[in-house]
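Engineer: Quick one: structure below, then a few questions.
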Amino acid sequence: MKRNFWINFLSFILGLVIVASFFIFKTTLHAQESEPILPVLQIHPLPITLEQWQPQEQDDYFCSLVSPPIGALIWTEFPIKIYLAQPELEQNTASYQQFQKWVSAVSTAIQEWNIYLPLNIVKEPEIANILIKRELPPLGSSFNAETGKIEIPRARTAQTRYDLEITKTQPPLLTHRMTILISPRLSETSLLSAARHELGHALGIWGHSPVETDALYFSQVRNYPSISVRDINTLKKVYQQPTRLGWKIPDILINKGLDF
């Protein structure tokens with residue numbers, strides 16, 4: 001009788017192990033199926049303009065940057081196409097004149113960065129890699145769990161964000177599009193500084209410098225800095241990092257029709 005007890009007990013334990021193993025296997029399989037499979041991280045060749053960049057000063061602020069999950073936010077096809085959003089305005093009006101000043105300042109910032117990466121202003125937003133809009137960035141809000149209050153940050157004058165896309169080429173590639181919002185309330189000098197700063201983000205510098213003489217300094221300063229050697233040293237280092245952008249989309253995602 002005691003022997004039968006132990007046989008039944010061991011059979012019960014074995015059954016529990018089998019059931020547990022089944023659920024563990026099923027959960028693992030479900031997790032694997034639900035996780036998107038993106039291109040592996042790889043390094044692209046340096047653009048010729050950055051490859052030729054050999055300054056005497058080697059300092060940079062690469063260690064201060066953020067590393068997105070998809071890797072470096074770099075461009076692999078040149079020239080990078082930029083579209084300036086065109087509002088419907090009547091010519092010879094004050095609003096039209098203000099917009100022309102905005103275009104002039106943003107175009108100057110584009111020309112400055114064009115020395116280091118090939119850029120081209122296009123007339124069709126559909127083909128643009130970077131969209132620049134004359135809009136006030138949204139405030140946004142966050143909930144403070146300690147105080148139980150909704151916190152609204154101070155107004156921002158400019159903002160850059162990125163969205164992932166899949167190219168219509170064969171084979172399809174993972175790519176991205178940058179959108180820059182710049183406040184229409186800025187003075188010409190402030191506008192140029194903001195455009196210069198946000199373009200640095202859009203070209204791949206995803207973070208800020210702790211030094212106020214760099215264009216990507218984290219805060220506004222009285223004397224607006226130009227693009228510095230440290231900015232370009234950092235940009236070059238970014239383009240030497242691995243990324244998922246610009247590489248072939250795995251067939252499993254193409255078959256599922258995944259859309260970003």
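Scheme for the structure tokens: letters A, B, ... for chains in order shown; per-chain residue numbers from 1; ligand numbers from 1 in order shown.
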Given only C-alpha atoms, how would the per-residue table for segment 90-150 of chain A near segment 215-234 of chain A read, listing every residue at most 9 Å away with its closest atom pair and distance in Å to one decimal, sorted by chain and number, as a tab-separated table?
Structural biologist:
```
residue	atom	partner	partner_atom	distance
A:Glu112	CA	A:Ile227	CA	7.8
A:Trp113	CA	A:Ile227	CA	8.0
A:Tyr116	CA	A:Ile232	CA	7.6
```
Engineer: I'd like the neighbourhood of Lys81 of chain A as a list in words, where a residue qualifies if any of its atoms comes within 6 Å (using only C-alpha atoms), though same-chain residues fewer than 3 positions away should be ignored.
Structural biologist: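 After dropping sequence-adjacent residues, the list is Asn120, Ile121, Ala128 and Asn129 of chain A.
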Engineer: From segment 16-222 of chain A, collect each residue whose DSSP state is strand (DSSP E) and return the set as a ChimeraX atom specification.
Structural biologist: /A:80-84,119-122,130-133,142-144,149-151,158-166,174-182
Engineer: From the options A:Pro69, A:Pro45, A:Pro125, A:Pro210, which residue's atoms come nearest to Lys237 of chain A, counting only C-alpha atoms?
Structural biologist: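 Closest candidate: A:Pro45.
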Engineer: Step one, run DSSP on the backbone; step two, keep only residues of segment 61-118 of chain A assigned to alpha helix (DSSP H); then write them as a list in words.
Structural biologist: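 Residues of segment 61-118 of chain A classed as alpha helix (DSSP H): Ala94, Ser95, Tyr96, Gln97, Gln98, Phe99, Gln100, Lys101, Trp102, Val103, Ser104, Ala105, Val106, Ser107, Thr108, Ala109, Ile110, Gln111, Glu112, Trp113 and Asn114 of chain A.
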Engineer: Pick from A:Arg134, A:His201, A:Arg177, A:His208: nearest to Asp60 of chain A, with only C-alpha atoms counted?
Structural biologist: A:His208
Engineer: Select, from A:Leu173, A:Ile70, A:Leu50, A:Ile166, the residue with the minimum atom-to-atom distance to Leu235 of chain A, counting only C-alpha atoms.
Structural biologist: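 Once distances to Leu235 of chain A are computed over only C-alpha atoms, the minimum belongs to A:Leu50.
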Engineer: For Glu198 of chain A, which residue out of A:Pro242, A:Thr169, A:Ala94, A:Ala109 is the nearest one, using only C-alpha atoms?
Structural biologist: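 Of A:Pro242, A:Thr169, A:Ala94, A:Ala109, the one nearest Glu198 of chain A is A:Ala109, counting only C-alpha atoms.
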Engineer: Got a sec: who's within 6 Å of Gly204 of chain A, counting only C-alpha atoms, leaving out chain neighbours fewer than 2 positions off, as a count of residues only?
Structural biologist: 5
Engineer: Which residue gives the smallest distance to Leu199 of chain A among A:Gly246, A:Gln56, A:Tyr96, A:Ile82, with only C-alpha atoms counted?
Structural biologist: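 Counting only C-alpha atoms, the residue closest to Leu199 of chain A is A:Ile82.
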Engineer: For each of A:Leu41, A:Val211, A:Ala195, A:Met178, take the minimum atom-to-atom distance to Lys248 of chain A, counting only C-alpha atoms, then give the residue where this is smallest.
Structural biologist: A:Leu41
